[in-house]
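Chemist: Input structure: start26.pdb, which contains PDB, C-alpha atoms and all ligand atoms.
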```pdb
ATOM      1  CA  MET A 132      79.265  14.931 -26.937  1.00  0.00           C
ATOM      2  CA  THR A 133      76.901  11.946 -26.525  1.00  0.00           C
ATOM      3  CA  ASP A 134      77.321   8.424 -27.944  1.00  0.00           C
ATOM      4  CA  GLU A 135      74.613   9.278 -30.492  1.00  0.00           C
ATOM      5  CA  THR A 136      76.388  12.323 -31.886  1.00  0.00           C
ATOM      6  CA  PRO A 137      78.479  10.841 -34.675  1.00  0.00           C
ATOM      7  CA  HIS A 138      75.469   8.872 -35.902  1.00  0.00           C
ATOM      8  CA  ALA A 139      73.021  11.818 -35.825  1.00  0.00           C
ATOM      9  CA  ARG A 140      75.459  14.061 -37.656  1.00  0.00           C
ATOM     10  CA  LYS A 141      76.274  11.466 -40.312  1.00  0.00           C
ATOM     11  CA  PHE A 142      72.621  10.461 -40.679  1.00  0.00           C
ATOM     12  CA  TYR A 143      71.376  14.015 -41.301  1.00  0.00           C
ATOM     13  CA  ASP A 144      74.360  14.903 -43.494  1.00  0.00           C
ATOM     14  CA  ARG A 145      73.483  11.895 -45.644  1.00  0.00           C
ATOM     15  CA  ILE A 146      69.769  12.664 -46.008  1.00  0.00           C
ATOM     16  CA  ALA A 147      69.981  16.489 -46.193  1.00  0.00           C
ATOM     17  CA  GLY A 148      69.483  16.608 -49.967  1.00  0.00           C
ATOM     18  CA  VAL A 149      66.361  14.429 -49.879  1.00  0.00           C
ATOM     19  CA  TYR A 150      64.914  15.423 -46.465  1.00  0.00           C
ATOM     20  CA  ASP A 151      62.174  17.610 -47.926  1.00  0.00           C
ATOM     21  CA  ALA A 152      61.104  14.873 -50.348  1.00  0.00           C
ATOM     22  CA  ILE A 153      60.889  12.376 -47.460  1.00  0.00           C
ATOM     23  CA  ALA A 154      59.401  14.475 -44.688  1.00  0.00           C
ATOM     24  CA  ASP A 155      58.085  17.862 -45.736  1.00  0.00           C
ATOM     25  CA  SER A 156      54.659  16.799 -47.016  1.00  0.00           C
ATOM     26  CA  SER A 157      53.803  15.116 -43.702  1.00  0.00           C
ATOM     27  CA  GLU A 158      55.470  17.583 -41.331  1.00  0.00           C
ATOM     28  CA  HIS A 159      54.819  21.037 -42.754  1.00  0.00           C
ATOM     29  CA  HIS A 160      51.245  21.386 -41.426  1.00  0.00           C
ATOM     30  CA  ALA A 161      52.264  20.675 -37.814  1.00  0.00           C
ATOM     31  CA  ARG A 162      55.333  22.880 -38.170  1.00  0.00           C
ATOM     32  CA  GLU A 163      53.200  25.796 -39.375  1.00  0.00           C
ATOM     33  CA  GLU A 164      50.695  25.300 -36.559  1.00  0.00           C
ATOM     34  CA  GLY A 165      53.572  25.423 -34.087  1.00  0.00           C
ATOM     35  CA  LEU A 166      54.726  28.728 -35.529  1.00  0.00           C
ATOM     36  CA  ARG A 167      51.191  30.118 -35.436  1.00  0.00           C
ATOM     37  CA  LEU A 168      50.955  29.290 -31.712  1.00  0.00           C
ATOM     38  CA  LEU A 169      54.377  30.817 -31.014  1.00  0.00           C
ATOM     39  CA  ALA A 170      53.120  34.084 -32.585  1.00  0.00           C
ATOM     40  CA  VAL A 171      56.536  35.617 -33.270  1.00  0.00           C
ATOM     41  CA  GLN A 172      56.381  39.410 -33.614  1.00  0.00           C
ATOM     42  CA  PRO A 173      58.345  41.912 -35.726  1.00  0.00           C
ATOM     43  CA  GLY A 174      61.554  42.925 -33.971  1.00  0.00           C
ATOM     44  CA  GLU A 175      61.902  39.750 -31.882  1.00  0.00           C
ATOM     45  CA  ARG A 176      65.092  37.721 -31.436  1.00  0.00           C
ATOM     46  CA  VAL A 177      64.342  34.066 -32.178  1.00  0.00           C
ATOM     47  CA  LEU A 178      66.329  30.830 -32.230  1.00  0.00           C
ATOM     48  CA  GLU A 179      65.468  27.557 -33.958  1.00  0.00           C
ATOM     49  CA  ILE A 180      67.053  24.362 -32.617  1.00  0.00           C
ATOM     50  CA  GLY A 181      67.462  21.659 -35.288  1.00  0.00           C
ATOM     51  CA  PHE A 182      66.525  23.900 -38.223  1.00  0.00           C
ATOM     52  CA  GLY A 183      66.880  21.152 -40.840  1.00  0.00           C
ATOM     53  CA  THR A 184      66.375  22.454 -44.382  1.00  0.00           C
ATOM     54  CA  GLY A 185      65.392  25.923 -43.158  1.00  0.00           C
ATOM     55  CA  HIS A 186      61.647  26.296 -43.876  1.00  0.00           C
ATOM     56  CA  THR A 187      60.923  27.684 -40.406  1.00  0.00           C
ATOM     57  CA  LEU A 188      63.978  29.971 -40.506  1.00  0.00           C
ATOM     58  CA  LEU A 189      62.633  31.527 -43.675  1.00  0.00           C
ATOM     59  CA  THR A 190      59.215  32.235 -42.146  1.00  0.00           C
ATOM     60  CA  LEU A 191      60.872  33.587 -39.001  1.00  0.00           C
ATOM     61  CA  ALA A 192      63.137  35.895 -41.027  1.00  0.00           C
ATOM     62  CA  GLU A 193      60.095  37.284 -42.861  1.00  0.00           C
ATOM     63  CA  THR A 194      58.178  37.731 -39.611  1.00  0.00           C
ATOM     64  CA  VAL A 195      60.797  39.423 -37.421  1.00  0.00           C
ATOM     65  CA  GLY A 196      61.619  41.920 -40.174  1.00  0.00           C
ATOM     66  CA  GLU A 197      64.657  44.169 -40.353  1.00  0.00           C
ATOM     67  CA  GLU A 198      64.565  45.045 -36.654  1.00  0.00           C
ATOM     68  CA  GLY A 199      64.526  41.418 -35.542  1.00  0.00           C
ATOM     69  CA  HIS A 200      67.113  38.680 -35.596  1.00  0.00           C
ATOM     70  CA  VAL A 201      66.978  34.932 -36.240  1.00  0.00           C
ATOM     71  CA  ARG A 202      69.475  32.293 -35.189  1.00  0.00           C
ATOM     72  CA  GLY A 203      69.557  28.624 -35.987  1.00  0.00           C
ATOM     73  CA  ILE A 204      71.605  25.781 -34.603  1.00  0.00           C
ATOM     74  CA  ASP A 205      71.881  22.304 -36.099  1.00  0.00           C
ATOM     75  CA  ILE A 206      74.318  19.446 -35.741  1.00  0.00           C
ATOM     76  CA  SER A 207      74.475  18.737 -39.489  1.00  0.00           C
ATOM     77  CA  GLN A 208      76.586  20.727 -41.944  1.00  0.00           C
ATOM     78  CA  GLY A 209      74.620  19.079 -44.774  1.00  0.00           C
ATOM     79  CA  MET A 210      71.322  20.443 -43.427  1.00  0.00           C
ATOM     80  CA  CYS A 211      72.975  23.817 -42.875  1.00  0.00           C
ATOM     81  CA  ASP A 212      74.109  23.977 -46.512  1.00  0.00           C
ATOM     82  CA  VAL A 213      70.531  23.335 -47.719  1.00  0.00           C
ATOM     83  CA  ALA A 214      69.076  25.910 -45.300  1.00  0.00           C
ATOM     84  CA  GLU A 215      71.731  28.501 -46.197  1.00  0.00           C
ATOM     85  CA  LYS A 216      70.900  28.168 -49.906  1.00  0.00           C
ATOM     86  CA  ARG A 217      67.163  28.559 -49.203  1.00  0.00           C
ATOM     87  CA  LEU A 218      67.757  31.707 -47.159  1.00  0.00           C
ATOM     88  CA  ALA A 219      70.198  33.217 -49.667  1.00  0.00           C
ATOM     89  CA  GLU A 220      67.775  32.644 -52.553  1.00  0.00           C
ATOM     90  CA  ALA A 221      65.033  34.409 -50.595  1.00  0.00           C
ATOM     91  CA  GLY A 222      67.362  37.316 -49.757  1.00  0.00           C
ATOM     92  CA  TYR A 223      67.444  36.639 -45.998  1.00  0.00           C
ATOM     93  CA  ALA A 224      71.033  35.442 -45.536  1.00  0.00           C
ATOM     94  CA  GLU A 225      71.938  38.610 -43.600  1.00  0.00           C
ATOM     95  CA  ARG A 226      69.036  38.352 -41.166  1.00  0.00           C
ATOM     96  CA  VAL A 227      69.764  34.771 -40.048  1.00  0.00           C
ATOM     97  CA  GLN A 228      72.854  33.487 -38.249  1.00  0.00           C
ATOM     98  CA  LEU A 229      73.425  29.746 -38.593  1.00  0.00           C
ATOM     99  CA  ASP A 230      75.566  27.648 -36.258  1.00  0.00           C
ATOM    100  CA  VAL A 231      76.581  24.036 -36.783  1.00  0.00           C
ATOM    101  CA  ALA A 232      77.007  22.485 -33.343  1.00  0.00           C
ATOM    102  CA  GLU A 233      75.580  19.862 -31.056  1.00  0.00           C
ATOM    103  CA  VAL A 234      72.813  20.825 -28.631  1.00  0.00           C
ATOM    104  CA  PRO A 235      73.008  20.854 -25.613  1.00  0.00           C
ATOM    105  CA  PRO A 236      74.573  23.239 -24.747  1.00  0.00           C
ATOM    106  CA  LEU A 237      73.308  26.364 -26.525  1.00  0.00           C
ATOM    107  CA  PRO A 238      76.222  28.692 -27.311  1.00  0.00           C
ATOM    108  CA  TYR A 239      74.224  31.870 -26.633  1.00  0.00           C
ATOM    109  CA  GLU A 240      74.136  34.405 -23.822  1.00  0.00           C
ATOM    110  CA  ASP A 241      71.725  34.283 -20.894  1.00  0.00           C
ATOM    111  CA  ALA A 242      68.393  36.080 -21.464  1.00  0.00           C
ATOM    112  CA  SER A 243      69.284  37.001 -25.047  1.00  0.00           C
ATOM    113  CA  LEU A 244      66.237  35.618 -26.923  1.00  0.00           C
ATOM    114  CA  ASP A 245      62.495  36.349 -26.976  1.00  0.00           C
ATOM    115  CA  ALA A 246      61.524  32.940 -28.349  1.00  0.00           C
ATOM    116  CA  VAL A 247      63.023  29.552 -29.178  1.00  0.00           C
ATOM    117  CA  THR A 248      61.415  27.053 -31.517  1.00  0.00           C
ATOM    118  CA  CYS A 249      62.054  23.388 -32.178  1.00  0.00           C
ATOM    119  CA  SER A 250      60.083  21.097 -34.496  1.00  0.00           C
ATOM    120  CA  PHE A 251      60.442  17.322 -34.786  1.00  0.00           C
ATOM    121  CA  THR A 252      63.752  17.590 -32.952  1.00  0.00           C
ATOM    122  CA  LEU A 253      63.153  17.472 -29.155  1.00  0.00           C
ATOM    123  CA  GLU A 254      62.088  13.820 -29.492  1.00  0.00           C
ATOM    124  CA  LEU A 255      65.479  12.941 -31.020  1.00  0.00           C
ATOM    125  CA  PHE A 256      67.261  13.546 -27.720  1.00  0.00           C
ATOM    126  CA  GLY A 257      67.488  10.812 -25.122  1.00  0.00           C
ATOM    127  CA  LEU A 258      64.824  11.056 -22.409  1.00  0.00           C
ATOM    128  CA  ASP A 259      67.633  11.796 -19.937  1.00  0.00           C
ATOM    129  CA  VAL A 260      68.981  14.636 -22.130  1.00  0.00           C
ATOM    130  CA  ILE A 261      65.691  16.475 -22.842  1.00  0.00           C
ATOM    131  CA  PRO A 262      65.647  18.244 -19.413  1.00  0.00           C
ATOM    132  CA  SER A 263      69.150  19.641 -20.104  1.00  0.00           C
ATOM    133  CA  VAL A 264      68.013  20.931 -23.503  1.00  0.00           C
ATOM    134  CA  ILE A 265      65.020  22.689 -21.904  1.00  0.00           C
ATOM    135  CA  ASP A 266      67.202  24.106 -19.099  1.00  0.00           C
ATOM    136  CA  GLU A 267      69.455  25.626 -21.763  1.00  0.00           C
ATOM    137  CA  VAL A 268      66.407  27.075 -23.543  1.00  0.00           C
ATOM    138  CA  LYS A 269      65.241  28.626 -20.256  1.00  0.00           C
ATOM    139  CA  ARG A 270      68.676  30.103 -19.666  1.00  0.00           C
ATOM    140  CA  VAL A 271      68.792  31.890 -23.055  1.00  0.00           C
ATOM    141  CA  LEU A 272      65.175  33.140 -22.913  1.00  0.00           C
ATOM    142  CA  VAL A 273      64.294  36.538 -21.488  1.00  0.00           C
ATOM    143  CA  PRO A 274      61.829  36.476 -18.543  1.00  0.00           C
ATOM    144  CA  GLY A 275      58.425  35.704 -20.073  1.00  0.00           C
ATOM    145  CA  GLY A 276      60.101  34.310 -23.234  1.00  0.00           C
ATOM    146  CA  ARG A 277      58.423  31.455 -25.134  1.00  0.00           C
ATOM    147  CA  PHE A 278      59.583  27.983 -26.151  1.00  0.00           C
ATOM    148  CA  GLY A 279      57.593  26.527 -29.053  1.00  0.00           C
ATOM    149  CA  VAL A 280      57.784  22.769 -29.519  1.00  0.00           C
ATOM    150  CA  VAL A 281      56.271  20.529 -32.187  1.00  0.00           C
ATOM    151  CA  SER A 282      56.880  16.860 -31.513  1.00  0.00           C
ATOM    152  CA  MET A 283      55.632  13.338 -31.925  1.00  0.00           C
ATOM    153  CA  ALA A 284      53.347  12.842 -28.926  1.00  0.00           C
ATOM    154  CA  VAL A 285      52.476   9.903 -26.709  1.00  0.00           C
ATOM    155  CA  THR A 286      49.016   8.445 -27.294  1.00  0.00           C
ATOM    156  CA  PRO A 287      46.501   9.937 -24.821  1.00  0.00           C
ATOM    157  CA  GLU A 288      45.731   7.685 -21.827  1.00  0.00           C
ATOM    158  CA  GLY A 289      42.893   5.251 -22.513  1.00  0.00           C
ATOM    159  CA  GLU A 290      43.422   5.381 -26.300  1.00  0.00           C
ATOM    160  CA  LYS A 291      45.095   2.635 -28.309  1.00  0.00           C
ATOM    161  CA  ASP A 292      48.120   3.199 -30.517  1.00  0.00           C
ATOM    162  CA  SER A 293      47.358   3.049 -34.254  1.00  0.00           C
ATOM    163  CA  VAL A 294      49.087   0.297 -36.216  1.00  0.00           C
ATOM    164  CA  LEU A 295      51.497   2.882 -37.592  1.00  0.00           C
ATOM    165  CA  GLU A 296      52.274   4.197 -34.099  1.00  0.00           C
ATOM    166  CA  LYS A 297      52.999   0.640 -32.870  1.00  0.00           C
ATOM    167  CA  THR A 298      55.242  -0.008 -35.871  1.00  0.00           C
ATOM    168  CA  TYR A 299      57.009   3.296 -35.302  1.00  0.00           C
ATOM    169  CA  LYS A 300      57.768   2.534 -31.652  1.00  0.00           C
ATOM    170  CA  TRP A 301      58.887  -0.990 -32.535  1.00  0.00           C
ATOM    171  CA  MET A 302      61.227   0.382 -35.195  1.00  0.00           C
ATOM    172  CA  HIS A 303      62.660   2.964 -32.797  1.00  0.00           C
ATOM    173  CA  HIS A 304      63.247   0.286 -30.187  1.00  0.00           C
ATOM    174  CA  HIS A 305      64.886  -2.205 -32.536  1.00  0.00           C
ATOM    175  CA  PHE A 306      66.406   0.040 -35.226  1.00  0.00           C
ATOM    176  CA  PRO A 307      67.083   3.425 -33.605  1.00  0.00           C
ATOM    177  CA  HIS A 308      69.619   4.246 -36.340  1.00  0.00           C
ATOM    178  CA  ILE A 309      66.739   4.187 -38.889  1.00  0.00           C
ATOM    179  CA  VAL A 310      63.863   5.625 -36.805  1.00  0.00           C
ATOM    180  CA  ASP A 311      65.774   8.021 -34.588  1.00  0.00           C
ATOM    181  CA  CYS A 312      62.878   9.660 -32.734  1.00  0.00           C
ATOM    182  CA  GLN A 313      60.318   8.458 -30.244  1.00  0.00           C
ATOM    183  CA  PRO A 314      56.971   9.924 -29.128  1.00  0.00           C
ATOM    184  CA  ILE A 315      57.454  12.005 -25.960  1.00  0.00           C
ATOM    185  CA  ASP A 316      55.340  13.764 -23.338  1.00  0.00           C
ATOM    186  CA  ALA A 317      56.608  17.178 -24.394  1.00  0.00           C
ATOM    187  CA  ALA A 318      54.107  19.072 -22.192  1.00  0.00           C
ATOM    188  CA  GLY A 319      55.255  17.053 -19.171  1.00  0.00           C
ATOM    189  CA  PHE A 320      58.916  17.816 -19.884  1.00  0.00           C
ATOM    190  CA  LEU A 321      58.221  21.540 -20.284  1.00  0.00           C
ATOM    191  CA  GLU A 322      56.149  21.732 -17.102  1.00  0.00           C
ATOM    192  CA  GLN A 323      58.709  19.759 -15.089  1.00  0.00           C
ATOM    193  CA  SER A 324      61.307  22.289 -16.197  1.00  0.00           C
ATOM    194  CA  GLY A 325      59.225  25.175 -14.851  1.00  0.00           C
ATOM    195  CA  LEU A 326      57.687  26.451 -18.089  1.00  0.00           C
ATOM    196  CA  GLU A 327      53.968  27.219 -18.119  1.00  0.00           C
ATOM    197  CA  ILE A 328      52.026  25.740 -21.055  1.00  0.00           C
ATOM    198  CA  THR A 329      50.337  28.784 -22.594  1.00  0.00           C
ATOM    199  CA  ALA A 330      49.234  27.323 -25.939  1.00  0.00           C
ATOM    200  CA  ARG A 331      48.595  23.792 -27.119  1.00  0.00           C
ATOM    201  CA  GLU A 332      47.213  22.030 -30.169  1.00  0.00           C
ATOM    202  CA  ASP A 333      46.820  18.300 -30.725  1.00  0.00           C
ATOM    203  CA  ILE A 334      47.422  17.256 -34.321  1.00  0.00           C
ATOM    204  CA  VAL A 335      47.204  13.893 -36.102  1.00  0.00           C
ATOM    205  CA  MET A 336      49.881  13.073 -38.667  1.00  0.00           C
ATOM    206  CA  TRP A 337      49.239   9.846 -40.587  1.00  0.00           C
ATOM    207  CA  THR A 338      47.260   8.427 -37.600  1.00  0.00           C
ATOM    208  CA  MET A 339      50.078   9.348 -35.210  1.00  0.00           C
ATOM    209  CA  PRO A 340      49.615  12.002 -32.504  1.00  0.00           C
ATOM    210  CA  VAL A 341      51.702  15.138 -32.757  1.00  0.00           C
ATOM    211  CA  ILE A 342      51.599  18.080 -30.367  1.00  0.00           C
ATOM    212  CA  ALA A 343      52.315  21.765 -30.867  1.00  0.00           C
ATOM    213  CA  LEU A 344      53.012  23.618 -27.626  1.00  0.00           C
ATOM    214  CA  VAL A 345      54.235  26.891 -26.237  1.00  0.00           C
ATOM    215  CA  GLY A 346      55.915  26.898 -22.832  1.00  0.00           C
ATOM    216  CA  THR A 347      56.381  30.347 -21.318  1.00  0.00           C
ATOM    217  CA  ALA A 348      59.222  31.161 -18.920  1.00  0.00           C
ATOM    218  CA  PRO A 349      58.386  32.868 -15.616  1.00  0.00           C
ATOM    219  CA  GLY A 350      58.161  36.655 -16.068  1.00  0.00           C
TER     220      GLY A 350
HETATM  221  C1  LIG B 401      63.866  15.540 -37.947  1.00  0.00           C
HETATM  222  S1  LIG B 401      64.852  16.917 -38.409  1.00  0.00           S
HETATM  223  C2  LIG B 401      63.705  18.276 -38.248  1.00  0.00           C
HETATM  224  C3  LIG B 401      64.116  19.469 -39.035  1.00  0.00           C
HETATM  225  C4  LIG B 401      63.202  20.693 -38.946  1.00  0.00           C
HETATM  226  N1  LIG B 401      63.077  21.186 -37.593  1.00  0.00           N
HETATM  227  C5  LIG B 401      61.837  20.396 -39.513  1.00  0.00           C
HETATM  228  O1  LIG B 401      60.835  20.407 -38.774  1.00  0.00           O
HETATM  229  O2  LIG B 401      61.750  20.166 -40.739  1.00  0.00           O
HETATM  230  C6  LIG B 401      65.882  17.092 -36.971  1.00  0.00           C
HETATM  231  C7  LIG B 401      67.015  18.106 -37.133  1.00  0.00           C
HETATM  232  O3  LIG B 401      67.683  18.195 -35.869  1.00  0.00           O
HETATM  233  C8  LIG B 401      69.094  18.150 -36.078  1.00  0.00           C
HETATM  234  N2  LIG B 401      69.709  17.555 -34.868  1.00  0.00           N
HETATM  235  C9  LIG B 401      69.638  16.262 -34.451  1.00  0.00           C
HETATM  236  N3  LIG B 401      70.293  16.099 -33.285  1.00  0.00           N
HETATM  237  C10 LIG B 401      70.797  17.324 -32.958  1.00  0.00           C
HETATM  238  C11 LIG B 401      71.592  17.808 -31.883  1.00  0.00           C
HETATM  239  N4  LIG B 401      71.996  17.016 -30.882  1.00  0.00           N
HETATM  240  N5  LIG B 401      71.936  19.119 -31.864  1.00  0.00           N
HETATM  241  C12 LIG B 401      71.547  19.947 -32.870  1.00  0.00           C
HETATM  242  N6  LIG B 401      70.796  19.537 -33.925  1.00  0.00           N
HETATM  243  C13 LIG B 401      70.425  18.253 -33.963  1.00  0.00           C
HETATM  244  C14 LIG B 401      69.273  17.302 -37.337  1.00  0.00           C
HETATM  245  O4  LIG B 401      70.497  17.551 -37.989  1.00  0.00           O
HETATM  246  C15 LIG B 401      68.049  17.712 -38.164  1.00  0.00           C
HETATM  247  O5  LIG B 401      68.329  18.811 -39.008  1.00  0.00           O
END
```
Take the structure from the file and write it as structure tokens.

Modeler:
Amino acid sequence: MTDETPHARKFYDRIAGVYDAIADSSEHHAREEGLRLLAVQPGERVLEIGFGTGHTLLTLAETVGEEGHVRGIDISQGMCDVAEKRLAEAGYAERVQLDVAEVPPLPYEDASLDAVTCSFTLELFGLDVIPSVIDEVKRVLVPGGRFGVVSMAVTPEGEKDSVLEKTYKWMHHHFPHIVDCQPIDAAGFLEQSGLEITAREDIVMWTMPVIALVGTAPG
């Protein structure tokens, strides 16, 4: 357990009931693009890390169909309760297994998943923890499995941060308990961990750069 754990859990438990009202309108486009790039197929076994209120889990459950299986892991019981209700109302409770636990580690067997997805969550981990998260993802993926990431991105070299981006970084630096995430070089982290970037889309969210990526494990 890291020093941040009690805060992250309490923070997301507290905002679970209003998370969609705060974040969904800005985040859903990027999240959907990430899923499009990941191109999950019927029958696949898929995990979402940091599933939040469960929008992606619902799409994944529809996509994998009866032959497939979806898992989700999230640190917050509050988020899990919201996601569970969404899935039950849609009739997918049986197809999705939810775990409330801190990542890393991932409590799943080696080479047991075809794809792992993670949106607006990888950038919540400390820069020194992200490689361990990706190593765990690699461990649970089958050879050739895919890791889909949607995250706040660093501003491309030679371009200036927007005012909002500057404010965001300043807030994260000074008030990390309020703005808990920071823009990251997600492609760099994936490549350094030995994943090959096989799909990529640059997105702008309220003047801030966001990236949707797929990193593929060696076959
Ligand atoms: C910003 S929300 C994103 C939710 C969702 N992926 C989306 O795009 O709407 C981040 C989620 O990651 C979860 N989370 C944060 N730190 C975590 C950790 N160390 N292990 C597992 N889940 C974590 C939070 O509880 C929250 O549900």

Chemist: What are the nearest atom pairs, with distances in Å to one decimal, for all residues of chain A that come at most 7 Å from ligand LIG 401 (chain B), using only C-alpha atoms and all ligand atoms, set out by chain and rising residue number as a Markdown table?

Modeler:
```
| residue | atom | partner | partner_atom | distance |
| --- | --- | --- | --- | --- |
| A:Thr136 | CA | B:LIG401 | N4 | 6.5 |
| A:Ala139 | CA | B:LIG401 | N3 | 5.7 |
| A:Arg140 | CA | B:LIG401 | O4 | 6.1 |
| A:Tyr143 | CA | B:LIG401 | O4 | 4.9 |
| A:Asp155 | CA | B:LIG401 | O2 | 6.6 |
| A:Glu158 | CA | B:LIG401 | O1 | 6.6 |
| A:Arg162 | CA | B:LIG401 | O1 | 6.1 |
| A:Ile180 | CA | B:LIG401 | N6 | 6.2 |
| A:Gly181 | CA | B:LIG401 | O3 | 3.5 |
| A:Phe182 | CA | B:LIG401 | N1 | 4.4 |
| A:Gly183 | CA | B:LIG401 | O5 | 3.3 |
| A:Thr184 | CA | B:LIG401 | O2 | 6.3 |
| A:His186 | CA | B:LIG401 | O2 | 6.9 |
| A:Ile204 | CA | B:LIG401 | C12 | 6.1 |
| A:Asp205 | CA | B:LIG401 | N6 | 3.7 |
| A:Ile206 | CA | B:LIG401 | N6 | 4.0 |
| A:Ser207 | CA | B:LIG401 | O4 | 4.4 |
| A:Met210 | CA | B:LIG401 | O5 | 5.6 |
| A:Ala232 | CA | B:LIG401 | C12 | 6.0 |
| A:Glu233 | CA | B:LIG401 | N5 | 3.8 |
| A:Val234 | CA | B:LIG401 | N5 | 3.8 |
| A:Pro235 | CA | B:LIG401 | N5 | 6.6 |
| A:Cys249 | CA | B:LIG401 | N1 | 5.9 |
| A:Ser250 | CA | B:LIG401 | N1 | 4.3 |
| A:Phe251 | CA | B:LIG401 | C2 | 4.9 |
| A:Thr252 | CA | B:LIG401 | C6 | 4.6 |
| A:Leu255 | CA | B:LIG401 | N3 | 6.2 |
| A:Phe256 | CA | B:LIG401 | N4 | 6.7 |
```

Chemist: Put those residues in a file: C-alpha atoms, as a PDB file, in the frame of the given file.

Modeler:
```
ATOM      1  CA  THR A 136      76.388  12.323 -31.886  1.00  0.00           C
ATOM      2  CA  ALA A 139      73.021  11.818 -35.825  1.00  0.00           C
ATOM      3  CA  ARG A 140      75.459  14.061 -37.656  1.00  0.00           C
ATOM      4  CA  TYR A 143      71.376  14.015 -41.301  1.00  0.00           C
ATOM      5  CA  ASP A 155      58.085  17.862 -45.736  1.00  0.00           C
ATOM      6  CA  GLU A 158      55.470  17.583 -41.331  1.00  0.00           C
ATOM      7  CA  ARG A 162      55.333  22.880 -38.170  1.00  0.00           C
ATOM      8  CA  ILE A 180      67.053  24.362 -32.617  1.00  0.00           C
ATOM      9  CA  GLY A 181      67.462  21.659 -35.288  1.00  0.00           C
ATOM     10  CA  PHE A 182      66.525  23.900 -38.223  1.00  0.00           C
ATOM     11  CA  GLY A 183      66.880  21.152 -40.840  1.00  0.00           C
ATOM     12  CA  THR A 184      66.375  22.454 -44.382  1.00  0.00           C
ATOM     13  CA  HIS A 186      61.647  26.296 -43.876  1.00  0.00           C
ATOM     14  CA  ILE A 204      71.605  25.781 -34.603  1.00  0.00           C
ATOM     15  CA  ASP A 205      71.881  22.304 -36.099  1.00  0.00           C
ATOM     16  CA  ILE A 206      74.318  19.446 -35.741  1.00  0.00           C
ATOM     17  CA  SER A 207      74.475  18.737 -39.489  1.00  0.00           C
ATOM     18  CA  MET A 210      71.322  20.443 -43.427  1.00  0.00           C
ATOM     19  CA  ALA A 232      77.007  22.485 -33.343  1.00  0.00           C
ATOM     20  CA  GLU A 233      75.580  19.862 -31.056  1.00  0.00           C
ATOM     21  CA  VAL A 234      72.813  20.825 -28.631  1.00  0.00           C
ATOM     22  CA  PRO A 235      73.008  20.854 -25.613  1.00  0.00           C
ATOM     23  CA  CYS A 249      62.054  23.388 -32.178  1.00  0.00           C
ATOM     24  CA  SER A 250      60.083  21.097 -34.496  1.00  0.00           C
ATOM     25  CA  PHE A 251      60.442  17.322 -34.786  1.00  0.00           C
ATOM     26  CA  THR A 252      63.752  17.590 -32.952  1.00  0.00           C
ATOM     27  CA  LEU A 255      65.479  12.941 -31.020  1.00  0.00           C
ATOM     28  CA  PHE A 256      67.261  13.546 -27.720  1.00  0.00           C
TER      29      PHE A 256
END
```

Chemist: Show me the residues close to (53.7, 33.0, -35.5) - anything with an atom within 10 Å, counting only C-alpha atoms - and format the list as number ranges by chain.

Modeler: A: 163-172, 190-191, 194-195, 279

Chemist: Now that the selection is made, can you save its residues with C-alpha atoms as a CSV table (one decimal), in the frame of the given file?

Modeler:
```csv
chain,number,residue,atom,x,y,z
A,163,GLU,CA,53.2,25.8,-39.4
A,164,GLU,CA,50.7,25.3,-36.6
A,165,GLY,CA,53.6,25.4,-34.1
A,166,LEU,CA,54.7,28.7,-35.5
A,167,ARG,CA,51.2,30.1,-35.4
A,168,LEU,CA,51.0,29.3,-31.7
A,169,LEU,CA,54.4,30.8,-31.0
A,170,ALA,CA,53.1,34.1,-32.6
A,171,VAL,CA,56.5,35.6,-33.3
A,172,GLN,CA,56.4,39.4,-33.6
A,190,THR,CA,59.2,32.2,-42.1
A,191,LEU,CA,60.9,33.6,-39.0
A,194,THR,CA,58.2,37.7,-39.6
A,195,VAL,CA,60.8,39.4,-37.4
A,279,GLY,CA,57.6,26.5,-29.1
```

Chemist: CA of Glu215 (chain A) and CA of Gly257 (chain A), how far apart in Å?

Modeler: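 Separating CA of Gly257 (chain A) from CA of Glu215 (chain A) is a distance of 27.8 Å.
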
Chemist: Starting from the PyMOL selection byres (((chain A and resi 263-272) around 6) and not hetatm), expand the selection into actual residues of this file and give them as JSON, numbers by chain.

Modeler: {"A": [235, 240, 241, 242, 243, 244, 245, 260, 261, 262, 273, 276]}

Chemist: Based on the selection just made, write C-alpha atoms of those residues as a CSV table (one decimal), in the coordinates of the input.

Modeler:
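The result, stored in result22.csv:
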```csv
chain,number,residue,atom,x,y,z
A,235,PRO,CA,73.0,20.9,-25.6
A,240,GLU,CA,74.1,34.4,-23.8
A,241,ASP,CA,71.7,34.3,-20.9
A,242,ALA,CA,68.4,36.1,-21.5
A,243,SER,CA,69.3,37.0,-25.0
A,244,LEU,CA,66.2,35.6,-26.9
A,245,ASP,CA,62.5,36.3,-27.0
A,260,VAL,CA,69.0,14.6,-22.1
A,261,ILE,CA,65.7,16.5,-22.8
A,262,PRO,CA,65.6,18.2,-19.4
A,273,VAL,CA,64.3,36.5,-21.5
A,276,GLY,CA,60.1,34.3,-23.2
```

Chemist: What would the selection look like, as JSON, numbers by chain, if the PyMOL selection byres (((chain A and resi 209) around 8) and not hetatm) were run on the coordinates I just shared?

Modeler: {"A": [143, 144, 145, 147, 148, 207, 208, 210, 211, 212, 213]}

Chemist: Between CA of Gly203 (chain A) and CA of Leu178 (chain A), what is the spacing in Å?

Modeler: 5.4 Å

Chemist: Could you expand the PyMOL selection byres (((chain A and resi 330) around 7) and not hetatm) into the explicit residues it covers here, written as a ChimeraX atom specification?

Modeler: /A:168,328-329,331,344-345

Chemist: For C-alpha atoms, I'd like the residues from the last selection saved as a compact mmCIF listing (two decimals), keeping the file's coordinate frame.

Modeler:
```
# COMPACT_ATOMS: atom_id res chain seq x y z
CA LEU A 168 50.96 29.29 -31.71
CA ILE A 328 52.03 25.74 -21.06
CA THR A 329 50.34 28.78 -22.59
CA ARG A 331 48.60 23.79 -27.12
CA LEU A 344 53.01 23.62 -27.63
CA VAL A 345 54.24 26.89 -26.24
```
